[in-house]
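Heads up, target-v7.txt below (compact mmCIF, C-alpha atoms):
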```txt
# COMPACT_ATOMS: atom_id res chain seq x y z
CA MET A 299 92.07 -25.41 -146.19
CA ALA A 300 89.38 -28.00 -145.91
CA ARG A 301 91.45 -30.07 -143.51
CA GLU A 302 92.21 -27.08 -141.27
CA LYS A 303 88.46 -26.28 -140.98
CA ALA A 304 87.76 -29.88 -140.04
CA GLU A 305 90.41 -29.80 -137.34
CA LYS A 306 89.02 -26.53 -135.97
CA LYS A 307 85.56 -28.11 -135.66
CA ASP A 308 86.99 -31.00 -133.68
CA THR A 309 88.87 -28.67 -131.36
CA LYS A 310 85.58 -27.02 -130.21
CA GLU A 311 84.55 -27.95 -126.70
CA LYS A 312 81.66 -30.34 -126.45
CA LYS A 313 78.76 -29.32 -124.15
CA PRO A 314 78.07 -31.75 -121.33
CA GLU A 315 74.87 -33.73 -121.80
CA ALA A 316 72.11 -33.31 -119.23
CA LYS A 317 71.88 -36.23 -116.87
CA LYS A 318 68.61 -38.07 -116.79
CA VAL A 319 67.03 -38.12 -113.31
CA ASP A 320 64.49 -40.66 -112.14
CA ALA A 321 60.97 -39.50 -111.21
CA PRO A 322 61.21 -40.32 -107.42
CA ALA A 323 64.56 -38.59 -107.19
CA ALA A 324 63.13 -35.51 -108.92
CA ALA A 325 60.26 -35.38 -106.43
CA LYS A 326 62.73 -35.39 -103.52
CA MET A 327 64.66 -32.53 -105.06
CA ASP A 328 61.45 -30.50 -105.49
CA LYS A 329 60.61 -30.99 -101.82
CA GLY A 330 64.02 -29.72 -100.83
CA LYS A 331 63.56 -26.64 -102.98
CA ALA A 332 60.06 -25.87 -101.57
CA LYS A 333 59.33 -22.22 -100.98
CA LYS A 334 60.00 -21.11 -97.45
CA PRO A 335 57.23 -19.11 -95.72
CA LYS A 336 57.79 -15.41 -95.77
CA LYS A 337 58.91 -13.97 -92.50
CA GLY A 338 56.51 -11.32 -91.30
CA ARG A 339 54.37 -10.10 -88.48
CA PRO A 340 51.96 -12.82 -87.25
CA HIS A 341 48.22 -12.10 -87.46
CA CYS A 342 46.80 -10.77 -84.22
CA SER A 343 43.74 -8.91 -82.99
CA ARG A 344 43.42 -5.19 -83.61
CA ASN A 345 42.28 -4.79 -80.03
CA PRO A 346 44.87 -6.29 -77.68
CA VAL A 347 43.57 -7.62 -74.36
CA LEU A 348 44.72 -5.76 -71.26
CA VAL A 349 42.89 -7.89 -68.71
CA ARG A 350 40.60 -10.86 -69.33
CA GLY A 351 37.43 -9.41 -70.85
CA ILE A 352 38.80 -5.83 -71.21
CA GLY A 353 40.38 -4.64 -74.47
CA ARG A 354 42.71 -1.71 -75.02
CA TYR A 355 40.35 0.20 -77.33
CA SER A 356 36.70 1.04 -76.76
CA ARG A 357 33.85 0.06 -79.03
CA SER A 358 33.78 3.45 -80.77
CA ALA A 359 37.56 3.38 -81.28
CA MET A 360 37.35 -0.08 -82.87
CA TYR A 361 34.56 1.18 -85.12
CA SER A 362 37.00 3.64 -86.71
CA ARG A 363 39.98 1.24 -86.63
CA LYS A 364 38.04 -1.41 -88.56
CA ALA A 365 36.65 1.25 -90.94
CA LEU A 366 33.13 -0.02 -90.39
CA TYR A 367 31.76 3.37 -91.47
CA LYS A 368 32.68 2.48 -95.06
CA ARG A 369 30.50 -0.62 -95.08
CA LYS A 370 26.92 -0.17 -96.15
CA TYR A 371 24.40 -2.61 -94.77
CA SER A 372 20.73 -2.58 -93.93
CA ALA A 373 19.75 -3.65 -90.44
CA ALA A 374 16.93 -6.14 -89.99
CA LYS A 375 13.56 -4.58 -89.29
CA SER A 376 12.25 -4.90 -85.77
CA LYS A 377 8.79 -6.23 -84.89
CA ALA A 378 7.54 -2.70 -84.18
CA GLU A 379 8.65 -1.50 -87.62
CA LYS A 380 7.02 -4.46 -89.31
CA LYS A 381 3.74 -3.66 -87.55
CA LYS A 382 3.90 -0.05 -88.74
CA GLU A 383 3.99 -1.16 -92.36
CA LYS A 384 0.41 -1.02 -93.53
CA VAL A 385 -0.90 -4.11 -95.27
CA LEU A 386 -3.04 -3.28 -98.26
CA ALA A 387 -6.63 -4.36 -97.79
CA THR A 388 -7.90 -3.42 -101.28
CA VAL A 389 -6.61 -3.17 -104.85
CA THR A 390 -7.91 -0.91 -107.62
CA LYS A 391 -8.45 -2.58 -110.98
CA PRO A 392 -9.39 -0.96 -114.30
CA VAL A 393 -12.92 -1.58 -115.59
CA GLY A 394 -14.08 -1.13 -119.14
CA GLY A 395 -17.18 0.85 -120.10
CA ASP A 396 -18.02 4.55 -120.15
CA LYS A 397 -20.52 4.40 -117.28
CA ASN A 398 -18.52 2.14 -114.92
CA GLY A 399 -16.16 4.79 -113.57
CA GLY A 400 -13.00 3.34 -115.10
CA THR A 401 -11.75 1.64 -111.88
CA TRP A 402 -13.03 -0.94 -109.42
CA VAL A 403 -11.91 -1.46 -105.79
CA VAL A 404 -11.48 -5.16 -104.93
CA LYS A 405 -10.86 -6.57 -101.41
CA LEU A 406 -7.83 -8.81 -101.08
CA HIS A 407 -9.17 -10.78 -98.12
CA LYS A 408 -12.87 -11.42 -98.32
CA LYS A 409 -14.82 -12.01 -95.14
CA PRO A 410 -16.57 -15.38 -94.70
CA THR A 411 -20.19 -15.54 -95.78
CA TYR A 412 -21.09 -18.15 -93.12
CA TYR A 413 -20.68 -17.86 -89.36
CA PRO A 414 -21.48 -20.79 -87.01
CA THR A 415 -24.23 -20.15 -84.49
CA LYS A 416 -22.33 -22.02 -81.74
CA ASP A 417 -18.66 -21.93 -80.81
CA VAL A 418 -17.12 -25.25 -81.81
CA PRO A 419 -14.25 -26.22 -79.45
CA GLN A 420 -11.03 -26.99 -81.25
CA LYS A 421 -8.17 -29.08 -79.94
CA LEU A 422 -4.95 -27.15 -79.54
CA LEU A 423 -1.76 -28.53 -81.01
CA SER A 424 0.33 -29.92 -78.16
CA HIS A 425 3.46 -30.59 -80.26
CA GLY A 426 3.69 -34.18 -79.02
CA LYS A 427 3.44 -33.31 -75.32
CA LYS A 428 1.89 -35.96 -73.09
CA PRO A 429 0.12 -35.58 -69.74
CA PHE A 430 1.99 -36.32 -66.51
CA SER A 431 0.40 -39.76 -66.19
CA GLN A 432 1.89 -40.84 -69.54
CA HIS A 433 5.44 -39.58 -68.90
CA VAL A 434 8.16 -42.23 -68.94
CA ARG A 435 10.05 -42.20 -65.64
CA LYS A 436 13.41 -43.80 -65.08
CA LEU A 437 14.81 -44.36 -61.60
CA GLY A 438 18.51 -43.91 -61.06
CA ASP A 439 20.77 -46.82 -60.21
CA THR A 440 21.09 -45.55 -56.64
CA ILE A 441 17.37 -45.94 -55.84
CA THR A 442 16.66 -49.61 -55.18
CA PRO A 443 14.25 -51.32 -52.71
CA GLY A 444 15.59 -50.84 -49.18
CA THR A 445 17.52 -47.63 -49.92
CA ILE A 446 17.35 -44.86 -47.32
CA LEU A 447 16.10 -41.64 -48.97
CA ILE A 448 16.02 -38.03 -47.75
CA ILE A 449 12.80 -36.16 -48.60
CA LEU A 450 13.40 -32.58 -49.76
CA THR A 451 9.85 -31.14 -50.05
CA GLY A 452 6.50 -31.32 -48.34
CA ARG A 453 5.59 -31.60 -44.68
CA HIS A 454 8.18 -34.36 -44.12
CA ARG A 455 11.11 -32.53 -45.73
CA GLY A 456 14.49 -33.33 -44.22
CA LYS A 457 13.35 -36.71 -42.85
CA ARG A 458 14.86 -40.05 -43.80
CA VAL A 459 12.61 -42.81 -45.14
CA VAL A 460 12.89 -46.36 -46.51
CA PHE A 461 12.09 -46.93 -50.19
CA LEU A 462 9.74 -49.90 -50.66
CA LYS A 463 8.79 -50.04 -54.37
CA GLU A 464 7.94 -48.00 -57.45
CA LEU A 465 4.26 -47.57 -58.31
CA SER A 466 2.75 -47.67 -61.79
CA SER A 467 2.59 -43.85 -61.97
CA GLY A 468 6.36 -43.61 -61.38
CA LEU A 469 6.00 -42.34 -57.79
CA LEU A 470 7.95 -43.96 -54.97
CA LEU A 471 6.27 -45.78 -52.10
CA VAL A 472 8.15 -44.95 -48.88
CA THR A 473 7.71 -45.31 -45.13
CA GLY A 474 9.43 -43.77 -42.06
CA PRO A 475 8.59 -46.04 -40.28
CA LEU A 476 5.86 -44.16 -38.45
CA SER A 477 7.07 -45.05 -34.94
CA LEU A 478 10.57 -43.60 -35.60
CA ASN A 479 10.07 -40.31 -37.43
CA ARG A 480 6.27 -39.99 -37.85
CA VAL A 481 6.36 -40.59 -41.64
CA PRO A 482 3.51 -42.93 -42.67
CA LEU A 483 3.14 -44.96 -45.85
CA CYS A 484 3.09 -42.32 -48.58
CA ARG A 485 4.16 -41.51 -52.14
CA THR A 486 6.90 -39.13 -53.26
CA TYR A 487 8.49 -38.06 -56.54
CA HIS A 488 11.99 -39.36 -57.32
CA LYS A 489 13.28 -35.88 -58.27
CA PHE A 490 12.55 -34.56 -54.77
CA VAL A 491 14.64 -37.07 -52.83
CA ILE A 492 18.35 -37.69 -52.18
CA ALA A 493 19.39 -41.32 -52.37
CA THR A 494 21.94 -42.29 -49.72
CA SER A 495 24.31 -45.24 -49.91
CA THR A 496 22.69 -46.76 -46.80
CA LYS A 497 20.50 -49.80 -47.49
CA ILE A 498 18.65 -52.44 -45.56
CA GLY A 499 17.59 -55.85 -46.82
CA ILE A 500 13.81 -55.93 -47.47
CA SER A 501 13.71 -58.85 -49.91
CA LYS A 502 11.68 -60.91 -47.40
CA VAL A 503 9.34 -58.02 -46.48
CA LYS A 504 5.80 -58.66 -47.77
CA ILE A 505 4.20 -55.46 -49.08
CA PRO A 506 0.41 -55.63 -49.59
CA GLU A 507 -0.51 -55.77 -53.27
CA HIS A 508 -3.40 -53.31 -52.87
CA LEU A 509 -0.96 -50.45 -52.10
CA THR A 510 -1.39 -48.75 -55.50
CA ASP A 511 -1.96 -45.20 -56.76
CA ALA A 512 -5.72 -45.62 -56.38
CA TYR A 513 -5.18 -46.54 -52.71
CA PHE A 514 -3.50 -43.17 -51.98
CA LYS A 515 -5.85 -41.05 -54.10
CA LYS A 516 -7.44 -38.26 -52.05
CA LYS A 517 -11.19 -38.34 -51.63
CA LYS A 518 -13.15 -35.16 -52.25
CA LEU A 519 -14.69 -33.84 -49.05
CA ARG A 520 -18.31 -32.80 -49.38
CA LYS A 521 -19.33 -29.28 -48.48
CA PRO A 522 -22.53 -29.15 -46.38
CA ARG A 523 -25.57 -27.37 -47.74
CA HIS A 524 -26.90 -24.66 -45.47
CA GLN A 525 -30.52 -25.04 -44.47
CA GLU A 526 -32.84 -22.82 -42.51
CA GLY A 527 -31.70 -22.40 -38.92
CA GLU A 528 -28.47 -24.43 -39.47
CA ILE A 529 -26.05 -21.77 -40.77
CA PHE A 530 -23.64 -21.98 -37.84
CA ASP A 531 -24.38 -25.54 -36.74
CA THR A 532 -23.12 -27.29 -39.90
CA GLU A 533 -19.44 -28.29 -40.01
CA LYS A 534 -17.20 -29.23 -42.94
CA GLU A 535 -16.38 -32.88 -43.47
CA LYS A 536 -12.92 -33.71 -42.07
CA TYR A 537 -10.42 -36.27 -43.31
CA GLU A 538 -10.17 -39.37 -41.12
CA ILE A 539 -7.70 -42.23 -41.38
CA THR A 540 -9.43 -45.47 -42.31
CA GLU A 541 -8.99 -48.68 -40.34
CA GLN A 542 -7.57 -50.42 -43.41
CA ARG A 543 -4.79 -47.85 -43.63
CA LYS A 544 -3.89 -48.40 -39.98
CA ILE A 545 -3.71 -52.16 -40.51
CA ASP A 546 -1.45 -51.78 -43.58
CA GLN A 547 0.84 -49.36 -41.73
CA LYS A 548 1.23 -51.74 -38.82
CA ALA A 549 1.87 -54.73 -41.11
CA VAL A 550 4.74 -52.95 -42.91
CA ASN A 551 6.25 -51.38 -39.78
CA THR A 552 6.45 -54.68 -37.89
CA GLN A 553 8.57 -56.14 -40.73
CA ILE A 554 10.91 -53.15 -41.28
CA LEU A 555 11.63 -52.13 -37.65
CA PRO A 556 13.61 -55.30 -36.80
CA LYS A 557 15.78 -54.72 -39.91
CA ILE A 558 16.60 -51.18 -38.73
CA LYS A 559 17.25 -52.18 -35.11
CA ALA A 560 19.68 -54.88 -36.24
CA VAL A 561 22.05 -52.24 -37.68
CA PRO A 562 23.99 -50.22 -35.07
CA GLN A 563 23.33 -46.44 -35.04
CA LEU A 564 20.76 -46.73 -37.86
CA ARG A 565 17.83 -46.12 -35.53
CA GLY A 566 19.22 -42.70 -34.47
CA TYR A 567 20.17 -41.96 -38.08
CA MET A 568 16.54 -42.44 -39.19
CA ARG A 569 15.26 -40.18 -36.39
CA SER A 570 17.65 -37.30 -37.20
CA VAL A 571 16.59 -34.55 -39.60
CA PHE A 572 18.81 -33.58 -42.52
CA ALA A 573 19.84 -29.91 -42.68
CA LEU A 574 22.78 -27.84 -43.93
CA THR A 575 24.83 -25.70 -41.56
CA ASN A 576 27.73 -23.28 -42.01
CA GLY A 577 30.76 -24.88 -43.66
CA MET A 578 28.73 -27.74 -45.20
CA TYR A 579 28.71 -27.89 -48.99
CA PRO A 580 26.13 -30.12 -50.76
CA HIS A 581 28.54 -31.19 -53.53
CA LYS A 582 31.05 -32.45 -50.95
CA LEU A 583 28.61 -34.42 -48.79
CA VAL A 584 28.70 -38.22 -48.80
CA PHE A 585 25.40 -39.76 -47.67
CA GLU A 586 26.77 -42.96 -46.20
CA ILE A 587 26.75 -44.96 -43.00
CA SER A 588 29.13 -47.92 -42.86
CA TYR A 589 27.83 -51.21 -41.50
CA GLU A 590 27.71 -54.90 -42.25
CA GLU A 591 24.29 -56.19 -43.17
CA PRO A 592 23.23 -59.12 -40.95
CA HIS A 593 22.62 -62.44 -42.68
```
Would you mind writing the structure in this file as structure tokens?
Amino acid sequence: MAREKAEKKDTKEKKPEAKKVDAPAAAKMDKGKAKKPKKGRPHCSRNPVLVRGIGRYSRSAMYSRKALYKRKYSAAKSKAEKKKEKVLATVTKPVGGDKNGGTWVVKLHKKPTYYPTKDVPQKLLSHGKKPFSQHVRKLGDTITPGTILIILTGRHRGKRVVFLKELSSGLLLVTGPLSLNRVPLCRTYHKFVIATSTKIGISKVKIPEHLTDAYFKKKKLRKPRHQEGEIFDTEKEKYEITEQRKIDQKAVNTQILPKIKAVPQLRGYMRSVFALTNGMYPHKLVFEISYEEPH
């Protein structure tokens, strides 16, 4: 009997042993068995767009579709509502003693006990702002000495001028010349000009050193005082061009005019006035005149 039981035990099927798998191989198997994303309706807006900027549902309809009526929130108080809220000026405090009334009214903001007899001027905070004279000005790469500019403001607007140099204040010193388009030696701001690609060589032109901001500063004209019997006889002082200014204008013009005359068609270009007409678009204009500069 014992032998038969032993034989029966041997006849039982042996379970297959689990195969050992390496770590990198196991990681690859896990990647293959990764969960696939559930198939469903993709997320989209509750208010489909019919035309660009126009939705299918109105604002009130979307209010009910989003169930915004269930949300409780407190809107921010406006400036008018904040002003309506009264700020307490006094506070009542308890006071001991039978004859003191039991309470005492105390002011929260006490008034000053001293007032100055004279108004002392105080400097206002400028938040780092500087006056115009201290502003840092940077000229563009297109504005260089000898460049032809188009003035956009002032009495000479639309006229073409020659850029000579930049002054210490950041303003540009330009000239017409005067004999071509009646623009004298004057200053202009670089934001109010259009720089063209036309240039003339003025490296050998000698510009007087005294042509500075102080040179072009306007002088205050004196108002005459009326005396007895001279009410209608007195006249206001008028501005007159000085002889020094005439000499400087002539000295610069005599050097620049030959440079302009040497370039074909440039003389007529300087005399013409810039203006826009129908069919001309500023962003499509090219301010250029092709020529070869003489050596």
*Would you list the residues near (-4.4, -37.0, -55.8), meaning any protein, DNA or RNA residue with an atom at most 12 Å from that point in file coordinates, counting only C-alpha atoms, as a ChimeraX atom specification?*
/A:431,467,469,484-486,511-518
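What separates atom CA of A:Arg455 from atom CA of A:Glu538 is a distance of 22.8 Å.
Residues surrounding A:Arg344 within 12 Å are Gly353, Arg354, Tyr355, Ser356, Arg357, Ala359, Met360, Tyr361, Ser362, Arg363, Lys364 and Ala365 of chain A [all atoms listed in the file; sequence separation below 6 positions excluded].
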*Among the residues A:Gly399, A:Gly438, A:Pro392, A:Pro482, the one that comes closest to A:Ile539 [using all atoms listed in the file]*: A:Pro482
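For the set A:Gly456, A:Ala549, A:Thr440, A:Ser501, the residue with the smallest atom-to-atom gap to A:Leu483 is A:Ala549, counting only C-alpha atoms.
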*What is the distance, in Å and to one decimal place, between atom CA of A:Ser495 and atom CA of A:Gln553?*
21.2 Å
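Atom pair atom CA of A:Arg480 / atom CA of A:Ile505: separated by 19.2 Å.
Distance cut-off 7 Å, centre (15.5, -39.7, -48.0), atoms counted only C-alpha atoms; the residues meeting this are A:Ile446, A:Leu447, A:Ile448, A:Ile449, A:Lys457, A:Arg458, A:Val459, A:Val491, A:Ile492, A:Ala493.
Shortest atom-to-atom contact with A:Val472 among A:Leu583, A:Ile554, A:Val403, A:Leu386: A:Ile554, counting all atoms listed in the file.
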*When distances are computed from only C-alpha atoms, which of A:Pro506, A:Lys544, A:Ile498, A:Gly577 shows the smallest separation from A:Arg565?*
A:Ile498
*Which residues come within 10 Å of A:Lys391, counting all atoms listed in the file, excluding same-chain residues fewer than 6 positions away, as a ChimeraX atom specification?*
/A:400-404
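Minimum distance to A:Thr494 across A:Gly444, A:Gly452, A:Pro419, A:Pro340 (counting only C-alpha atoms) occurs at A:Gly444.
In terms of minimum interatomic distance to A:Lys436, A:Lys489 ranks closest within A:Arg350, A:Lys489, A:Lys536, A:His407, counting all atoms listed in the file.
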Got a sec to write stretch 425-442 of chain A of the block to a file, N, CA and C atoms, as a PDB file, in the first residue's frame?
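The result, stored in result_3.pdb:
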```pdb
ATOM      1  N   HIS A 425       8.739 111.182  -9.519  1.00  0.00           N
ATOM      2  CA  HIS A 425       8.889 109.773  -9.886  1.00  0.00           C
ATOM      3  C   HIS A 425      10.018 109.566 -10.897  1.00  0.00           C
ATOM      4  N   GLY A 426      11.132 110.274 -10.685  1.00  0.00           N
ATOM      5  CA  GLY A 426      12.296 110.068 -11.540  1.00  0.00           C
ATOM      6  C   GLY A 426      12.226 110.755 -12.881  1.00  0.00           C
ATOM      7  N   LYS A 427      11.227 111.614 -13.117  1.00  0.00           N
ATOM      8  CA  LYS A 427      11.124 112.295 -14.405  1.00  0.00           C
ATOM      9  C   LYS A 427      12.124 113.450 -14.469  1.00  0.00           C
ATOM     10  N   LYS A 428      12.740 113.618 -15.622  1.00  0.00           N
ATOM     11  CA  LYS A 428      13.722 114.667 -15.829  1.00  0.00           C
ATOM     12  C   LYS A 428      13.177 115.710 -16.792  1.00  0.00           C
ATOM     13  N   PRO A 429      13.677 116.943 -16.710  1.00  0.00           N
ATOM     14  CA  PRO A 429      13.231 117.962 -17.674  1.00  0.00           C
ATOM     15  C   PRO A 429      13.709 117.633 -19.077  1.00  0.00           C
ATOM     16  N   PHE A 430      13.155 118.337 -20.057  1.00  0.00           N
ATOM     17  CA  PHE A 430      13.456 118.075 -21.470  1.00  0.00           C
ATOM     18  C   PHE A 430      14.938 118.234 -21.778  1.00  0.00           C
ATOM     19  N   SER A 431      15.594 119.186 -21.091  1.00  0.00           N
ATOM     20  CA  SER A 431      17.008 119.433 -21.375  1.00  0.00           C
ATOM     21  C   SER A 431      17.902 118.284 -20.938  1.00  0.00           C
ATOM     22  N   GLN A 432      17.419 117.451 -19.989  1.00  0.00           N
ATOM     23  CA  GLN A 432      18.223 116.337 -19.487  1.00  0.00           C
ATOM     24  C   GLN A 432      17.843 114.997 -20.110  1.00  0.00           C
ATOM     25  N   HIS A 433      16.908 114.988 -21.059  1.00  0.00           N
ATOM     26  CA  HIS A 433      16.524 113.741 -21.708  1.00  0.00           C
ATOM     27  C   HIS A 433      17.672 113.222 -22.591  1.00  0.00           C
ATOM     28  N   VAL A 434      17.834 111.914 -22.608  1.00  0.00           N
ATOM     29  CA  VAL A 434      18.852 111.295 -23.460  1.00  0.00           C
ATOM     30  C   VAL A 434      18.237 111.037 -24.826  1.00  0.00           C
ATOM     31  N   ARG A 435      18.845 111.593 -25.870  1.00  0.00           N
ATOM     32  CA  ARG A 435      18.311 111.458 -27.217  1.00  0.00           C
ATOM     33  C   ARG A 435      19.264 110.620 -28.064  1.00  0.00           C
ATOM     34  N   LYS A 436      18.679 109.708 -28.800  1.00  0.00           N
ATOM     35  CA  LYS A 436      19.473 108.841 -29.662  1.00  0.00           C
ATOM     36  C   LYS A 436      18.985 108.981 -31.097  1.00  0.00           C
ATOM     37  N   LEU A 437      19.900 109.365 -31.969  1.00  0.00           N
ATOM     38  CA  LEU A 437      19.554 109.486 -33.393  1.00  0.00           C
ATOM     39  C   LEU A 437      19.559 108.101 -34.041  1.00  0.00           C
ATOM     40  N   GLY A 438      18.675 107.928 -34.999  1.00  0.00           N
ATOM     41  CA  GLY A 438      18.647 106.665 -35.726  1.00  0.00           C
ATOM     42  C   GLY A 438      19.856 106.529 -36.640  1.00  0.00           C
ATOM     43  N   ASP A 439      20.059 105.336 -37.131  1.00  0.00           N
ATOM     44  CA  ASP A 439      21.200 105.077 -38.017  1.00  0.00           C
ATOM     45  C   ASP A 439      21.046 105.784 -39.351  1.00  0.00           C
ATOM     46  N   THR A 440      19.806 106.133 -39.705  1.00  0.00           N
ATOM     47  CA  THR A 440      19.580 106.758 -41.020  1.00  0.00           C
ATOM     48  C   THR A 440      19.933 108.232 -41.036  1.00  0.00           C
ATOM     49  N   ILE A 441      20.005 108.877 -39.857  1.00  0.00           N
ATOM     50  CA  ILE A 441      20.308 110.313 -39.795  1.00  0.00           C
ATOM     51  C   ILE A 441      21.798 110.490 -39.539  1.00  0.00           C
ATOM     52  N   THR A 442      22.515 110.840 -40.561  1.00  0.00           N
ATOM     53  CA  THR A 442      23.955 111.105 -40.484  1.00  0.00           C
ATOM     54  C   THR A 442      24.244 112.428 -41.172  1.00  0.00           C
TER      55      THR A 442
END
```
